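The file start_32.txt contains compact mmCIF, C-alpha atoms:
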# COMPACT_ATOMS: atom_id res chain seq x y z
CA MET A 159 121.07 -12.17 -5.80
CA ALA A 160 118.70 -9.56 -4.33
CA ASP A 161 119.92 -7.19 -1.67
CA LYS A 162 119.24 -8.52 1.87
CA ASP A 163 118.14 -5.10 3.19
CA MET A 164 115.66 -4.71 0.35
CA ILE A 165 114.18 -8.17 1.08
CA GLU A 166 113.93 -7.36 4.78
CA GLN A 167 112.13 -4.08 4.00
CA ALA A 168 109.74 -5.91 1.69
CA TYR A 169 108.89 -8.47 4.40
CA ASN A 170 108.40 -5.66 6.95
CA ALA A 171 106.06 -3.93 4.48
CA GLY A 172 103.88 -7.05 4.32
CA VAL A 173 105.25 -8.91 1.31
CA GLU A 174 104.80 -12.61 1.96
CA PHE A 175 106.05 -14.21 -1.23
CA PHE A 176 109.24 -13.48 -3.17
CA ILE A 177 110.40 -14.64 -6.61
CA ASN A 178 114.15 -14.65 -7.06
CA LYS A 179 116.00 -14.06 -10.33
CA PRO A 180 116.54 -15.81 -12.58
CA VAL A 181 112.81 -16.47 -12.81
CA ASN A 182 111.92 -20.14 -12.53
CA ILE A 183 108.48 -21.18 -13.86
CA ILE A 184 108.05 -23.78 -11.08
CA GLU A 185 108.77 -21.16 -8.43
CA VAL A 186 106.31 -18.71 -10.10
CA GLU A 187 103.58 -21.38 -10.16
CA LYS A 188 104.25 -22.21 -6.51
CA VAL A 189 104.09 -18.54 -5.43
CA LEU A 190 100.90 -17.97 -7.44
CA GLY A 191 99.38 -21.08 -5.82
CA ASN A 192 100.32 -19.75 -2.37
CA VAL A 193 98.81 -16.34 -3.19
CA SER A 194 95.63 -18.03 -4.40
CA GLU A 195 95.41 -20.09 -1.18
CA LYS A 196 96.00 -16.95 0.89
CA ILE A 197 93.14 -15.16 -0.90
CA LYS A 198 90.81 -18.13 -0.35
CA MET A 199 91.81 -18.34 3.33
CA ASN A 200 91.21 -14.61 3.85
CA SER A 201 87.83 -14.93 2.19
CA LEU A 202 86.94 -17.92 4.39
CA VAL A 203 88.04 -16.13 7.58
CA ALA A 204 86.04 -13.04 6.57
CA GLY A 205 82.98 -15.22 6.00
CA ILE A 206 83.36 -16.87 9.40
CA ARG A 207 83.80 -13.47 11.09
CA GLY A 208 80.68 -12.28 9.30
CA MET A 209 78.68 -15.24 10.60
CA PHE A 210 79.83 -14.57 14.16
CA ALA A 211 79.04 -10.87 13.79
CA GLU A 212 75.49 -11.74 12.63
CA THR A 213 75.08 -14.18 15.53
CA GLU A 214 76.30 -11.59 18.03
CA GLU A 215 73.95 -9.00 16.53
CA LEU A 216 71.00 -11.38 16.82
CA SER A 217 71.91 -12.27 20.41
CA ARG A 218 72.08 -8.56 21.30
CA GLN A 219 68.61 -7.96 19.95
CA PRO A 220 66.07 -8.08 22.74
CA ALA A 221 63.66 -10.99 22.55
CA ARG A 222 60.23 -9.90 21.41
CA ARG A 223 57.66 -9.99 24.18
CA GLU A 224 55.35 -12.28 22.19
CA ASP A 225 58.15 -14.80 21.55
CA VAL A 226 59.18 -14.93 25.20
CA LEU A 227 55.61 -15.38 26.37
CA ARG A 228 54.97 -18.05 23.72
CA GLU A 229 58.01 -20.10 24.80
CA ILE A 230 57.08 -19.94 28.48
CA ASN A 231 53.40 -20.52 27.67
CA VAL A 232 54.27 -23.77 25.88
CA PHE A 233 56.10 -24.96 28.98
CA LEU A 234 53.22 -23.98 31.29
CA GLY A 235 50.87 -25.80 28.91
CA LEU A 236 52.95 -28.97 29.30
CA LEU A 237 52.43 -28.68 33.05
CA GLY A 238 48.66 -28.22 32.56
CA MET A 239 48.65 -24.73 34.09
CA LEU A 240 47.19 -22.55 31.33
CA GLY A 241 43.70 -22.44 32.85
CA GLU A 242 44.95 -21.10 36.18
CA LYS A 243 44.56 -17.40 37.07
CA GLY A 244 48.10 -17.18 38.43
CA THR A 245 49.59 -18.24 35.11
CA SER A 246 49.30 -14.72 33.65
CA ASP A 247 51.01 -13.38 36.79
CA ILE A 248 53.86 -15.86 36.31
CA LEU A 249 54.22 -14.71 32.69
CA SER A 250 54.29 -11.06 33.80
CA VAL A 251 57.02 -11.75 36.35
CA CYS A 252 59.10 -13.69 33.81
CA GLN A 253 58.73 -10.92 31.24
CA TYR A 254 59.78 -8.31 33.81
CA LEU A 255 62.86 -10.35 34.81
CA ILE A 256 63.93 -10.81 31.19
CA GLU A 257 63.41 -7.15 30.26
CA HIS A 258 65.27 -5.86 33.34
CA ASP A 259 67.88 -8.67 33.49
CA GLU A 260 67.13 -9.36 37.15
CA GLU A 261 66.61 -12.38 39.35
CA TYR A 262 63.36 -13.16 41.11
CA SER A 263 62.87 -11.44 44.47
CA LYS A 264 60.09 -10.02 46.65
CA GLU A 265 60.97 -6.56 45.32
CA VAL A 266 60.39 -7.72 41.75
CA LEU A 267 57.06 -9.22 42.79
CA THR A 268 56.09 -5.89 44.40
CA ARG A 269 57.01 -3.95 41.23
CA VAL A 270 55.07 -6.32 38.95
CA ALA A 271 52.08 -6.15 41.31
CA ALA A 272 52.22 -2.34 41.21
CA GLU A 273 52.22 -2.40 37.40
CA LYS A 274 49.09 -4.58 37.54
CA LEU A 275 47.54 -2.32 40.22
CA GLU A 276 47.50 -5.33 42.57
CA THR A 277 48.99 -6.19 45.93
CA SER A 278 52.03 -8.43 45.94
CA LYS A 279 50.22 -10.74 48.37
CA ASN A 280 47.36 -11.36 45.91
CA LEU A 281 49.83 -11.92 43.09
CA GLU A 282 51.87 -14.35 45.18
CA GLN A 283 48.80 -16.35 46.26
CA ARG A 284 47.56 -16.74 42.69
CA MET A 285 51.02 -17.79 41.53
CA ARG A 286 51.30 -20.33 44.37
CA ARG A 287 47.93 -21.87 43.47
CA ALA A 288 48.89 -22.10 39.78
CA ILE A 289 52.28 -23.65 40.60
CA LYS A 290 50.63 -26.10 43.01
CA LYS A 291 48.30 -27.14 40.18
CA GLY A 292 51.34 -27.74 37.97
CA LEU A 293 53.01 -29.77 40.73
CA THR A 294 49.87 -31.89 41.19
CA ASN A 295 49.61 -32.49 37.43
CA VAL A 296 53.27 -33.53 37.21
CA ALA A 297 52.88 -35.86 40.21
CA ASN A 298 49.84 -37.49 38.57
CA LEU A 299 51.84 -37.96 35.36
CA GLY A 300 54.58 -39.65 37.38
CA ILE A 301 52.11 -41.98 39.07
CA ASP A 302 50.50 -42.93 35.75
CA ASP A 303 53.68 -43.17 33.68
CA TYR A 304 57.05 -42.77 35.36
CA SER A 305 58.75 -42.55 31.95
CA ASN A 306 56.52 -39.69 30.74
CA GLU A 307 58.69 -37.05 29.03
CA VAL A 308 57.07 -34.14 30.86
CA PHE A 309 57.65 -35.91 34.16
CA GLN A 310 61.22 -36.98 33.34
CA VAL A 311 62.56 -33.88 31.57
CA TYR A 312 60.48 -30.76 31.92
CA ALA A 313 59.38 -31.03 35.54
CA ASN A 314 62.98 -31.04 36.72
CA TYR A 315 63.40 -27.48 35.51
CA VAL A 316 60.79 -26.08 37.90
CA PHE A 317 60.30 -28.64 40.69
CA ASP A 318 62.77 -30.58 42.76
CA PHE A 319 62.28 -34.33 42.97
CA LYS A 320 61.53 -34.32 46.71
CA ASN A 321 58.48 -32.09 46.27
CA ILE A 322 57.25 -34.13 43.31
CA LYS A 323 57.67 -37.32 45.36
CA ASP A 324 55.88 -35.75 48.37
CA GLU A 325 53.01 -34.74 46.08
CA MET A 326 52.86 -38.24 44.58
CA ASP A 327 52.71 -39.76 48.09
CA PHE A 328 49.93 -37.35 49.05
CA ILE A 329 47.90 -38.23 45.93
CA LYS A 330 48.34 -41.96 46.65
CA GLY A 331 47.20 -41.36 50.25
CA SER A 332 50.46 -42.46 51.85
CA SER A 333 51.28 -38.98 53.17
CA SER A 334 49.27 -36.31 54.98
CA GLY A 335 50.99 -33.40 53.22
CA GLY A 336 51.88 -32.80 49.59
CA GLY A 337 54.86 -31.16 47.93
CA ARG A 338 55.73 -27.58 48.72
CA VAL A 339 55.66 -24.74 46.22
CA ASN A 340 58.82 -22.69 45.73
CA ILE A 341 58.01 -19.67 43.55
CA SER A 342 61.64 -18.63 43.20
CA LYS A 343 62.74 -22.10 41.97
CA PHE A 344 59.78 -22.27 39.62
CA ILE A 345 60.49 -18.87 38.02
CA GLU A 346 64.24 -19.56 37.77
CA GLY A 347 63.46 -22.91 36.15
CA LEU A 348 61.18 -21.30 33.58
CA LEU A 349 63.90 -18.83 32.63
CA LEU A 350 66.49 -21.62 32.49
CA TYR A 351 64.19 -23.62 30.20
CA ARG A 352 63.80 -20.57 27.96
CA LYS A 353 67.58 -20.12 27.76
CA SER A 354 68.00 -23.78 26.84
CA LEU A 355 65.98 -23.08 23.69
CA LEU A 356 68.21 -20.22 22.54

Rewrite the structure of this file - the entire thing - as structure tokens.
Amino acid sequence: MADKDMIEQAYNAGVEFFINKPVNIIEVEKVLGNVSEKIKMNSLVAGIRGMFAETEELSRQPARREDVLREINVFLGLLGMLGEKGTSDILSVCQYLIEHDEEYSKEVLTRVAAEKLETSKNLEQRMRRAIKKGLTNVANLGIDDYSNEVFQVYANYVFDFKNIKDEMDFIKGSSSGGGRVNISKFIEGLLLYRKSLL
């Protein structure tokens, strides 16, 4: 029988499997099977850790400007806004927010306007007109086909239902005023849509 202190020292040193004397072939096979399973498990865990490390590394890499703009551009295209002058301003604001990890504010608008050598008022007006065009397009889609995917899914990211409904009523002539434009909600919705793709 092996010395208890020696066995304890072996376990403390990291030994996980012991074969007692006299050597029994069944016990040896069992220990070797356990060692083999342990090696496979360590290899599997290392592989999983490697996958997570790669995923973390990719998520830490900043999104390329072209990719970000392409994703947001696709969304703006769904809303029928690509021909509007304010669309490029919206893209610039979104890019700035992503690069600086900030939320939309008047200060951000002022900084983006300064980069474009514009006034924030001009930038804001163009963005409002472009967003209003998107709201009108979405409202028309809802009137024509209430089950339209753009109307049902995408519009909810950037417009609230009340403003869409108000715009629909205005288009149908049952209201004297249309839906209101909320730049902050629109920009936040675009960024939320982009994150949903990641």

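Between atom CA of Glu261 of chain A and atom CA of Glu346 of chain A the separation is 7.7 Å.
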
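Closest approach to Lys243 of chain A among A:Leu275, A:Lys330, A:Arg286, A:Glu229 is made by A:Arg286 (distances from all atoms listed in the file).
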
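Atom CA of Lys274 of chain A is found 15.2 Å from atom CA of Leu255 of chain A.
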
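Candidate residues A:Arg352, A:Arg269, A:Arg338, A:Lys290 were compared for distance to Ile230 of chain A, and the nearest is A:Arg352, using all atoms listed in the file.
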
Extending 4 Å beyond the listed atoms of segment 237-241 of chain A on each side, what axis-aligned box results? I want centre and edge lengths in Å to one decimal, as JSON.
{"center_x": 48.1, "center_y": -25.6, "center_z": 32.7, "size_x": 16.7, "size_y": 14.2, "size_z": 10.8}

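Every protein, DNA or RNA residue with an atom at most 9 Å from Arg287 of chain A, where only C-alpha atoms count and chain neighbours fewer than 6 positions away do not, is listed here: Glu242, Lys243, Gly244 and Val339 of chain A.
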
Judged by only C-alpha atoms, the minimum distance to Ser354 of chain A among A:Met326, A:Tyr312, A:Ser342, A:Asn231 is found for A:Tyr312

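The gap separating atom CA of Val270 of chain A from atom CA of Leu249 of chain A is 10.5 Å, in Å to one decimal.
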
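Using only C-alpha atoms, the nearest neighbour of Glu260 of chain A within the list A:Val181, A:Ile197, A:Leu349, A:Val316 is A:Leu349.
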
Contacts of Asn298 of chain A within 12 Å, all atoms listed in the file, excl. fewer than 2 positions in-chain, as a VMD selection string: chain A and resid 237 to 238 291 to 296 300 to 304 306 308 to 309 313 322 to 330

Mind writing the picked residues with C-alpha atoms as a compact mmCIF listing (two decimals), in the coordinates of the input?
# COMPACT_ATOMS: atom_id res chain seq x y z
CA LEU A 237 52.43 -28.68 33.05
CA GLY A 238 48.66 -28.22 32.56
CA LYS A 291 48.30 -27.14 40.18
CA GLY A 292 51.34 -27.74 37.97
CA LEU A 293 53.01 -29.77 40.73
CA THR A 294 49.87 -31.89 41.19
CA ASN A 295 49.61 -32.49 37.43
CA VAL A 296 53.27 -33.53 37.21
CA GLY A 300 54.58 -39.65 37.38
CA ILE A 301 52.11 -41.98 39.07
CA ASP A 302 50.50 -42.93 35.75
CA ASP A 303 53.68 -43.17 33.68
CA TYR A 304 57.05 -42.77 35.36
CA ASN A 306 56.52 -39.69 30.74
CA VAL A 308 57.07 -34.14 30.86
CA PHE A 309 57.65 -35.91 34.16
CA ALA A 313 59.38 -31.03 35.54
CA ILE A 322 57.25 -34.13 43.31
CA LYS A 323 57.67 -37.32 45.36
CA ASP A 324 55.88 -35.75 48.37
CA GLU A 325 53.01 -34.74 46.08
CA MET A 326 52.86 -38.24 44.58
CA ASP A 327 52.71 -39.76 48.09
CA PHE A 328 49.93 -37.35 49.05
CA ILE A 329 47.90 -38.23 45.93
CA LYS A 330 48.34 -41.96 46.65

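At a cut-off of 12 Å from (64.8, -15.4, 52.0), the residue set is Tyr262, Ser263, Lys264, Glu265, Asn340, Ile341 and Ser342 of chain A (counting all atoms listed in the file).
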